[in-house]
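*Asks:* Got a structure for you, questions after.
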Amino acid sequence: MEAIVLAGGKAERLGDSAGGLPKSLVPVGGRPLLAWQIVRLRRAGVERVIVSCLGGEEHEFDSRLGDLGVEVVCAGEPERLGRGGGIRFAAQSRRETGDVLAMNGDELVDADFAGLLERHRATGAAATITVAQPPSQFGQVDLTDDDVVTGFHEASNVPYWVNCGIYVLSAEALERFPEKGDHESSTFPELAEEGKRYSLADYLSAY
């Protein structure tokens, strides 16, 4: 099994703490952020990980990730292609055909990759995404029509589903990804309209 990991984030919001590294290589708990995700992929049976990074940064990933028990291949983009374009570009380095896991490499999300893949194949979807209702960062205030505060609550989960950036993609979905740009504003809306995309929350252990 192969996986594609997007790792082109520049860590601009981390400032000097990033040390000039791509966001996915910033150390967390003594190892690069991306390394934690690759180890989880290995436990789910993934044997080969294709890292979509900016061209010229391949040596940083090769030198800092080390031996994680899987084959790691860097697909350096000649220019920034966007998330959809990055996945499509990285897919050219695949050795297999058929379904592939794809995800952001600069987040720590405890998802059941094996279960997600199994459900994807059972439904026959072109693309399956993992969604969640994460905790809101804001407290909730209850108001009357004339603006009197009647209640105040600690932050609860947001009342809508958000995309966790973890997918299982079929060959059909990959072929429809843009060469440059975002799949969430092109390919995914098209697949949803055609009824070919599933969203699953059951396989997210933590957000």
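Lettering and numbering for the structure tokens are positional, with chains as A, B, ... in the shown order, residues counted from 1 in each chain, and ligands counted from 1 in the shown order.
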Just asking: which residues within range 67-115 of chain A are strand (DSSP E or B) according to DSSP, as number ranges by chain?
*Replies:* A: 71-77, 100-104, 110-111
*Asks:* Which residues come within 8 Å of range 89-96 of chain A, counting only C-alpha atoms, excluding same-chain residues fewer than 6 positions away, as a ChimeraX atom specification?
*Replies:* /A:1-2,4,50-52,75,77,174,179
*Asks:* Check the smallest atom-to-atom distance from each of A:Val168, A:Ala155, A:Met103, A:Val26 to Thr123 in chain A using only C-alpha atoms, then report the winner.
*Replies:*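 Among the listed residues, the smallest separation from Thr123 in chain A belongs to A:Val168.
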*Asks:* Between A:Val73, A:Cys53, A:Leu191, A:Ala3, which is the closest to Gly85 in chain A once you count only C-alpha atoms?
*Replies:* A:Cys53
*Asks:* Find the residue from A:Gly56, A:Pro189, A:Gly165, A:Gly66 that sits nearest to Pro78 in chain A; use only C-alpha atoms when measuring.
*Replies:*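 Closest to Pro78 in chain A of all the choices is A:Gly56.
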*Asks:* Could you tell me which of A:Asp106, A:Asp146, A:Glu184, A:Glu175 comes closest to Asn163 in chain A if we count only C-alpha atoms?
*Replies:*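 The shortest atom-to-atom distance to Asn163 in chain A comes from A:Glu184.
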*Asks:* Choose the residue, out of A:Ala114, A:Val49, A:Leu21, A:Val158, that has the smallest atom-to-atom separation from Gly69 in chain A; count only C-alpha atoms.
*Replies:* A:Val49
*Asks:* As a list in words, please: the residues near range 41-43 of chain A (cut-off 9 Å, only C-alpha atoms, same-chain neighbours under 2 positions excluded).
*Replies:*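 My reading of the contact set: Ala3, Trp36, Gln37, Ile38, Val39, Gly45, Val46, Glu47, Arg48, Val49, Leu68, Gly69, Val70, Phe113 and Ala114 of chain A.
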*Asks:* Convert the current residue selection to file output with all heavy atoms, as a tab-separated table (two decimals), in the first residue's frame.
*Replies:*
chain	number	residue	atom	x	y	z
A	3	ALA	N	1.01	5.71	0.13
A	3	ALA	CA	0.34	6.91	0.62
A	3	ALA	C	1.05	8.13	0.05
A	3	ALA	O	2.26	8.11	-0.16
A	3	ALA	CB	0.33	6.97	2.14
A	36	TRP	N	5.97	11.34	12.69
A	36	TRP	CA	4.91	10.72	13.50
A	36	TRP	C	3.80	10.17	12.60
A	36	TRP	O	3.29	9.08	12.84
A	36	TRP	CB	4.32	11.75	14.46
A	36	TRP	CG	5.27	12.21	15.53
A	36	TRP	CD1	5.95	13.39	15.57
A	36	TRP	CD2	5.64	11.50	16.71
A	36	TRP	NE1	6.73	13.46	16.70
A	36	TRP	CE2	6.56	12.32	17.42
A	36	TRP	CE3	5.30	10.25	17.24
A	36	TRP	CZ2	7.12	11.92	18.63
A	36	TRP	CZ3	5.87	9.85	18.44
A	36	TRP	CH2	6.76	10.68	19.13
A	37	GLN	N	3.44	10.93	11.57
A	37	GLN	CA	2.37	10.48	10.68
A	37	GLN	C	2.82	9.27	9.86
A	37	GLN	O	2.04	8.34	9.62
A	37	GLN	CB	1.96	11.63	9.75
A	37	GLN	CG	0.65	11.45	9.05
A	37	GLN	CD	-0.55	11.59	9.98
A	37	GLN	OE1	-0.67	10.88	10.99
A	37	GLN	NE2	-1.45	12.48	9.64
A	38	ILE	N	4.08	9.25	9.43
A	38	ILE	CA	4.57	8.12	8.65
A	38	ILE	C	4.59	6.85	9.48
A	38	ILE	O	4.27	5.76	8.99
A	38	ILE	CB	5.98	8.43	8.08
A	38	ILE	CG1	5.88	9.51	7.01
A	38	ILE	CG2	6.62	7.17	7.51
A	38	ILE	CD1	7.22	9.94	6.43
A	39	VAL	N	4.95	6.96	10.74
A	39	VAL	CA	4.94	5.79	11.63
A	39	VAL	C	3.53	5.24	11.75
A	39	VAL	O	3.31	4.02	11.74
A	39	VAL	CB	5.52	6.15	13.01
A	39	VAL	CG1	5.26	5.02	14.01
A	39	VAL	CG2	7.02	6.40	12.90
A	45	GLY	N	-0.11	-0.62	7.57
A	45	GLY	CA	0.24	-1.47	6.44
A	45	GLY	C	0.80	-0.75	5.24
A	45	GLY	O	1.05	-1.37	4.21
A	46	VAL	N	1.01	0.56	5.35
A	46	VAL	CA	1.60	1.31	4.23
A	46	VAL	C	3.09	1.00	4.17
A	46	VAL	O	3.79	1.05	5.18
A	46	VAL	CB	1.37	2.83	4.42
A	46	VAL	CG1	2.16	3.62	3.38
A	46	VAL	CG2	-0.11	3.15	4.32
A	47	GLU	N	3.57	0.69	2.99
A	47	GLU	CA	4.97	0.32	2.80
A	47	GLU	C	5.77	1.36	2.04
A	47	GLU	O	7.00	1.32	2.03
A	47	GLU	CB	5.07	-1.02	2.07
A	47	GLU	CG	4.42	-2.18	2.83
A	47	GLU	CD	4.48	-3.48	2.05
A	47	GLU	OE1	4.71	-3.43	0.83
A	47	GLU	OE2	4.28	-4.54	2.67
A	48	ARG	N	5.08	2.29	1.40
A	48	ARG	CA	5.77	3.30	0.58
A	48	ARG	C	5.03	4.63	0.71
A	48	ARG	O	3.82	4.69	0.49
A	48	ARG	CB	5.83	2.85	-0.88
A	48	ARG	CG	6.75	3.69	-1.76
A	48	ARG	CD	6.97	2.95	-3.09
A	48	ARG	NE	7.93	3.65	-3.93
A	48	ARG	CZ	7.58	4.53	-4.89
A	48	ARG	NH1	6.31	4.78	-5.12
A	48	ARG	NH2	8.50	5.11	-5.61
A	49	VAL	N	5.76	5.67	1.08
A	49	VAL	CA	5.17	7.00	1.26
A	49	VAL	C	5.81	7.96	0.27
A	49	VAL	O	7.04	8.08	0.21
A	49	VAL	CB	5.38	7.52	2.70
A	49	VAL	CG1	4.85	8.94	2.84
A	49	VAL	CG2	4.70	6.60	3.71
A	68	LEU	N	12.33	5.07	8.91
A	68	LEU	CA	11.05	4.94	9.61
A	68	LEU	C	10.37	3.61	9.31
A	68	LEU	O	9.20	3.42	9.64
A	68	LEU	CB	10.13	6.10	9.23
A	68	LEU	CG	10.65	7.49	9.60
A	68	LEU	CD1	9.76	8.58	9.00
A	68	LEU	CD2	10.73	7.65	11.11
A	69	GLY	N	11.10	2.69	8.68
A	69	GLY	CA	10.55	1.37	8.43
A	69	GLY	C	9.73	1.26	7.17
A	69	GLY	O	9.13	0.21	6.91
A	70	VAL	N	9.65	2.34	6.39
A	70	VAL	CA	8.96	2.31	5.10
A	70	VAL	C	9.84	3.02	4.08
A	70	VAL	O	10.74	3.78	4.43
A	70	VAL	CB	7.57	3.00	5.16
A	70	VAL	CG1	6.66	2.33	6.16
A	70	VAL	CG2	7.73	4.48	5.50
A	113	PHE	N	-6.48	4.49	9.63
A	113	PHE	CA	-6.24	4.43	8.19
A	113	PHE	C	-6.72	3.11	7.58
A	113	PHE	O	-7.32	3.10	6.51
A	113	PHE	CB	-4.74	4.60	7.91
A	113	PHE	CG	-4.18	5.92	8.34
A	113	PHE	CD1	-3.09	5.99	9.18
A	113	PHE	CD2	-4.75	7.10	7.90
A	113	PHE	CE1	-2.56	7.21	9.57
A	113	PHE	CE2	-4.23	8.33	8.28
A	113	PHE	CZ	-3.12	8.38	9.12
A	114	ALA	N	-6.47	2.00	8.27
A	114	ALA	CA	-6.87	0.70	7.74
A	114	ALA	C	-8.39	0.60	7.63
A	114	ALA	O	-8.94	0.12	6.64
A	114	ALA	CB	-6.32	-0.41	8.62
*Asks:* Which of these residues is nearest to Pro178 in chain A, using only C-alpha atoms: A:Leu81, A:Leu116, A:Asn157, A:Glu58?
*Replies:*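 For Pro178 in chain A, the nearest of the given residues is A:Leu81.
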*Asks:* DSSP on the backbone: what in range 13-191 of chain A comes out alpha helix (DSSP H), as a PyMOL selection string?
*Replies:* chain A and resi 33-43+58-65+82-91+113-123+171-175+187-191
*Asks:* For the atom pair CA of Arg80 in chain A and CA of Asp110 in chain A, what is the interatomic distance in Å to one decimal place?
*Replies:*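 According to the coordinates, CA of Arg80 in chain A and CA of Asp110 in chain A are separated by 27.7 Å.
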